[in-house]
Amino acid sequence: MEEVEEGYTSSTPTSTLTWISWFCSLPGHEYFSEVAEDFIEDDFNLTGLNTMVPFWKEAMEMVLDVEPDEDSSRIPDVSIVEASAELLYGLVHQRYILTRAGLQSMVEKYESAAFGICPRVYCVGCNVVPCGRSDLPGIDTVKLYCPNCNDIYAPPSSRFQGVDGAFFGTTFAHLFFQTYRELAPAPFYKLSLSADSSLSPGRSPLSDSGNSTSRPSPFVNPNPHGGQKRPEGRVYSPRVYGFKVSEQAKSGPRMQWLRLRPQSPDELDLVDWRGRWIDDEYDDVDEVDEEDRRMEDFDPVIHRGQDAADGEEEEEEEEEEEEEGDEEGGRRHQARGEQSVDLMPPATPIHLPSSARTSPTSDPTRLQENFNHAAARSSVPTGRVRVVRQY
């Protein structure tokens, strides 16, 4: 037997099997692809990972099967280094599967259905790819993305619950089908003879027709930028004694619009910006009106009109306040004038004629006549009264 050197030992059972191959062969790690060592040795591909992985140097040595240094004896437990090596490899794996070589290695797994199939019945066994809900580790486990229904599902086996979703990231699944469009279903649903025929009670929902020898016509997508595979656009509708269950019922369909696909690209022009048919009438008219009224608050033109109306009301209020103040002031001055001079008119708001305003030093007799004439006119109600102070 070979002597084991001091320090922590490698987890590889034999010298011919590398740590990367051993790690990918563990139960529950079937989704992983073997990352090339040249990719790991490139410092550019490891940017920012040294702050996320504890015991960075020791974990890198374990992943690359490098002999440890003499100071490795300071590590208290080998399991700490193994956990750091697993975290390091997972984060590097997230970046590797976004490269050309990584995507090609995942294509081979996808075509062989190594990731499994969609659990939805009407997706008819569409292959899925692994994905994550976050790019940061420790948030959620790995999920499976279906390109036909555009939804994610939990893996069928519990052994994948220990795999972090950050090891696959949020970008890989969508970049995968953007790169290989021939593997993605088309964005619309093209009807076929087999899809038009309704399923009988004794027929399996996975078979389009009772005759197993019938083959669907070849599918050709007129849009070269979309998926090139025949989509499965059938949607399950709950029924009671043959009648469809209303969406407002407790057992009615929920979020059914997520599964709908247009039958042709021309139908995309028949819906509005909300995804609803333009010719159909909806019951939520009041809701739309309420939203429109809320949007009026952000209209600068209407704001200017409201500001102008508010300004006019404020001016009228100020004028009324000034008139009340002037009336009180006129009464006070008139009371003082009655004590000193007998020529002052009674305490009644009056309009002075223009001759009296322009010639304050005129004849006292004529001034008295003007006051009497103005007092007589003021007794008739004539709307708004303007008070002029006379000293």
# chains A, B, ... in the order shown; residues from 1 in each chain; ligands from 1
call {"tool": "residues_around", "arguments": {"residues": "A:Phe188", "least_positions_apart": "2", "cutoff": "12 Å", "atoms": "only C-alpha atoms", "output": "PDB file with N, CA and C atoms, in the first residue's frame"}}
result
ATOM      1  N   ASN A 148     -41.675  24.586 -23.524  1.00  0.00           N
ATOM      2  CA  ASN A 148     -42.985  24.582 -24.178  1.00  0.00           C
ATOM      3  C   ASN A 148     -44.006  25.414 -23.398  1.00  0.00           C
ATOM      4  N   CYS A 149     -44.096  25.212 -22.095  1.00  0.00           N
ATOM      5  CA  CYS A 149     -45.031  25.980 -21.272  1.00  0.00           C
ATOM      6  C   CYS A 149     -44.370  27.151 -20.566  1.00  0.00           C
ATOM      7  N   ALA A 184     -36.053  24.560 -29.551  1.00  0.00           N
ATOM      8  CA  ALA A 184     -37.107  25.290 -28.846  1.00  0.00           C
ATOM      9  C   ALA A 184     -38.403  25.236 -29.639  1.00  0.00           C
ATOM     10  N   PRO A 185     -39.556  25.110 -28.986  1.00  0.00           N
ATOM     11  CA  PRO A 185     -40.840  25.151 -29.690  1.00  0.00           C
ATOM     12  C   PRO A 185     -41.116  26.545 -30.241  1.00  0.00           C
ATOM     13  N   ALA A 186     -41.936  26.590 -31.289  1.00  0.00           N
ATOM     14  CA  ALA A 186     -42.297  27.861 -31.902  1.00  0.00           C
ATOM     15  C   ALA A 186     -43.161  28.675 -30.945  1.00  0.00           C
ATOM     16  N   LYS A 190     -49.594  25.803 -34.243  1.00  0.00           N
ATOM     17  CA  LYS A 190     -50.153  25.514 -35.554  1.00  0.00           C
ATOM     18  C   LYS A 190     -51.026  24.273 -35.455  1.00  0.00           C
ATOM     19  N   LEU A 191     -52.306  24.442 -35.804  1.00  0.00           N
ATOM     20  CA  LEU A 191     -53.240  23.337 -35.680  1.00  0.00           C
ATOM     21  C   LEU A 191     -52.914  22.238 -36.680  1.00  0.00           C
ATOM     22  N   PHE A 219     -43.449  20.421 -39.586  1.00  0.00           N
ATOM     23  CA  PHE A 219     -43.717  21.792 -39.135  1.00  0.00           C
ATOM     24  C   PHE A 219     -42.626  22.721 -39.658  1.00  0.00           C
ATOM     25  N   VAL A 220     -43.052  23.848 -40.221  1.00  0.00           N
ATOM     26  CA  VAL A 220     -42.126  24.861 -40.735  1.00  0.00           C
ATOM     27  C   VAL A 220     -42.524  26.196 -40.127  1.00  0.00           C
ATOM     28  N   ASN A 221     -41.622  26.785 -39.397  1.00  0.00           N
ATOM     29  CA  ASN A 221     -41.891  28.072 -38.770  1.00  0.00           C
ATOM     30  C   ASN A 221     -41.503  29.188 -39.726  1.00  0.00           C
ATOM     31  N   PRO A 222     -42.460  30.067 -40.097  1.00  0.00           N
ATOM     32  CA  PRO A 222     -42.090  31.159 -41.013  1.00  0.00           C
ATOM     33  C   PRO A 222     -41.177  32.196 -40.383  1.00  0.00           C
ATOM     34  N   ASN A 223     -41.085  32.202 -39.069  1.00  0.00           N
ATOM     35  CA  ASN A 223     -40.217  33.159 -38.385  1.00  0.00           C
ATOM     36  C   ASN A 223     -38.876  32.492 -38.097  1.00  0.00           C
ATOM     37  N   GLY A 226     -37.571  32.547 -34.295  1.00  0.00           N
ATOM     38  CA  GLY A 226     -38.250  31.837 -33.213  1.00  0.00           C
ATOM     39  C   GLY A 226     -37.851  30.392 -33.168  1.00  0.00           C
ATOM     40  N   GLY A 227     -38.541  29.635 -32.310  1.00  0.00           N
ATOM     41  CA  GLY A 227     -38.269  28.215 -32.206  1.00  0.00           C
ATOM     42  C   GLY A 227     -38.666  27.477 -33.470  1.00  0.00           C
ATOM     43  N   GLN A 228     -37.988  26.395 -33.742  1.00  0.00           N
ATOM     44  CA  GLN A 228     -38.209  25.632 -34.970  1.00  0.00           C
ATOM     45  C   GLN A 228     -38.863  24.283 -34.719  1.00  0.00           C
ATOM     46  N   LYS A 229     -39.347  24.054 -33.512  1.00  0.00           N
ATOM     47  CA  LYS A 229     -39.951  22.786 -33.165  1.00  0.00           C
ATOM     48  C   LYS A 229     -41.458  22.944 -33.050  1.00  0.00           C
ATOM     49  N   ARG A 230     -42.194  21.882 -33.367  1.00  0.00           N
ATOM     50  CA  ARG A 230     -43.649  21.957 -33.285  1.00  0.00           C
ATOM     51  C   ARG A 230     -44.070  22.143 -31.831  1.00  0.00           C
ATOM     52  N   PRO A 231     -44.831  23.187 -31.508  1.00  0.00           N
ATOM     53  CA  PRO A 231     -45.240  23.408 -30.123  1.00  0.00           C
ATOM     54  C   PRO A 231     -46.458  22.586 -29.757  1.00  0.00           C
ATOM     55  N   GLU A 232     -46.628  22.398 -28.482  1.00  0.00           N
ATOM     56  CA  GLU A 232     -47.811  21.730 -27.940  1.00  0.00           C
ATOM     57  C   GLU A 232     -48.645  22.797 -27.246  1.00  0.00           C
ATOM     58  N   GLY A 233     -49.697  23.251 -27.946  1.00  0.00           N
ATOM     59  CA  GLY A 233     -50.473  24.381 -27.437  1.00  0.00           C
ATOM     60  C   GLY A 233     -51.795  24.027 -26.829  1.00  0.00           C
ATOM     61  N   ARG A 234     -52.025  22.760 -26.528  1.00  0.00           N
ATOM     62  CA  ARG A 234     -53.306  22.386 -25.947  1.00  0.00           C
ATOM     63  C   ARG A 234     -53.379  22.792 -24.473  1.00  0.00           C
ATOM     64  N   ARG A 259     -50.884  29.395 -20.668  1.00  0.00           N
ATOM     65  CA  ARG A 259     -50.675  28.253 -21.541  1.00  0.00           C
ATOM     66  C   ARG A 259     -51.130  28.513 -22.972  1.00  0.00           C
ATOM     67  N   LEU A 260     -51.839  29.614 -23.207  1.00  0.00           N
ATOM     68  CA  LEU A 260     -52.386  29.866 -24.532  1.00  0.00           C
ATOM     69  C   LEU A 260     -51.285  30.290 -25.494  1.00  0.00           C
ATOM     70  N   ARG A 261     -51.435  29.858 -26.740  1.00  0.00           N
ATOM     71  CA  ARG A 261     -50.519  30.240 -27.814  1.00  0.00           C
ATOM     72  C   ARG A 261     -51.340  30.670 -29.023  1.00  0.00           C
ATOM     73  N   PRO A 262     -50.935  31.702 -29.728  1.00  0.00           N
ATOM     74  CA  PRO A 262     -51.655  32.064 -30.962  1.00  0.00           C
ATOM     75  C   PRO A 262     -51.478  30.982 -32.019  1.00  0.00           C
ATOM     76  N   GLN A 263     -52.513  30.811 -32.838  1.00  0.00           N
ATOM     77  CA  GLN A 263     -52.454  29.788 -33.870  1.00  0.00           C
ATOM     78  C   GLN A 263     -51.599  30.211 -35.054  1.00  0.00           C
ATOM     79  N   SER A 264     -51.431  31.491 -35.262  1.00  0.00           N
ATOM     80  CA  SER A 264     -50.628  31.995 -36.377  1.00  0.00           C
ATOM     81  C   SER A 264     -50.056  33.346 -35.978  1.00  0.00           C
ATOM     82  N   PRO A 265     -48.998  33.799 -36.643  1.00  0.00           N
ATOM     83  CA  PRO A 265     -48.454  35.125 -36.308  1.00  0.00           C
ATOM     84  C   PRO A 265     -49.423  36.262 -36.585  1.00  0.00           C
ATOM     85  N   ASP A 266     -50.430  36.042 -37.468  1.00  0.00           N
ATOM     86  CA  ASP A 266     -51.380  37.116 -37.762  1.00  0.00           C
ATOM     87  C   ASP A 266     -52.266  37.436 -36.570  1.00  0.00           C
ATOM     88  N   GLU A 267     -52.451  36.497 -35.667  1.00  0.00           N
ATOM     89  CA  GLU A 267     -53.288  36.751 -34.503  1.00  0.00           C
ATOM     90  C   GLU A 267     -52.644  37.712 -33.515  1.00  0.00           C
ATOM     91  N   LEU A 268     -51.360  37.940 -33.628  1.00  0.00           N
ATOM     92  CA  LEU A 268     -50.699  38.889 -32.726  1.00  0.00           C
ATOM     93  C   LEU A 268     -51.179  40.314 -32.971  1.00  0.00           C
TER      94      LEU A 268
END
call {"tool": "closest_residue", "arguments": {"among": "A:Glu111, A:Glu37, A:Glu322, A:Asp65", "to": "A:Glu182", "atoms": "only C-alpha atoms"}}
result
A:Glu111
call {"tool": "residues_around", "arguments": {"residues": "stretch 236-242 of chain A", "least_positions_apart": "5", "cutoff": "10 Å", "atoms": "only C-alpha atoms", "output": "PyMOL selection string"}}
result
chain A and resi 121-122+247+251-253+256+259
call {"tool": "closest_residue", "arguments": {"among": "A:Leu270, A:Cys24, A:Leu64, A:Val128", "to": "A:Ala113", "atoms": "only C-alpha atoms"}}
result
A:Val128
call {"tool": "atom_distance", "arguments": {"atom1": "atom CA of A:Trp273", "atom2": "atom CA of A:Thr170"}}
result
27.0 Å
call {"tool": "closest_atom_pairs", "arguments": {"of": "stretch 164-187 of chain A", "to": "stretch 88-96 of chain A", "cutoff": "12 Å", "atoms": "only C-alpha atoms", "output": "JSON lines"}}
result
{"residue": "A:Asp164", "atom": "CA", "partner": "A:Gly90", "partner_atom": "CA", "distance": 8.1}
{"residue": "A:Gly165", "atom": "CA", "partner": "A:Gly90", "partner_atom": "CA", "distance": 9.3}
{"residue": "A:Ala166", "atom": "CA", "partner": "A:Gln94", "partner_atom": "CA", "distance": 7.1}
{"residue": "A:Phe167", "atom": "CA", "partner": "A:Gly90", "partner_atom": "CA", "distance": 4.5}
{"residue": "A:Phe168", "atom": "CA", "partner": "A:Gln94", "partner_atom": "CA", "distance": 4.8}
{"residue": "A:Gly169", "atom": "CA", "partner": "A:Gln94", "partner_atom": "CA", "distance": 5.9}
{"residue": "A:Thr170", "atom": "CA", "partner": "A:Gln94", "partner_atom": "CA", "distance": 9.2}
{"residue": "A:Thr171", "atom": "CA", "partner": "A:Gln94", "partner_atom": "CA", "distance": 9.1}
{"residue": "A:Phe172", "atom": "CA", "partner": "A:Gln94", "partner_atom": "CA", "distance": 8.0}
{"residue": "A:Ala173", "atom": "CA", "partner": "A:Gln94", "partner_atom": "CA", "distance": 11.2}
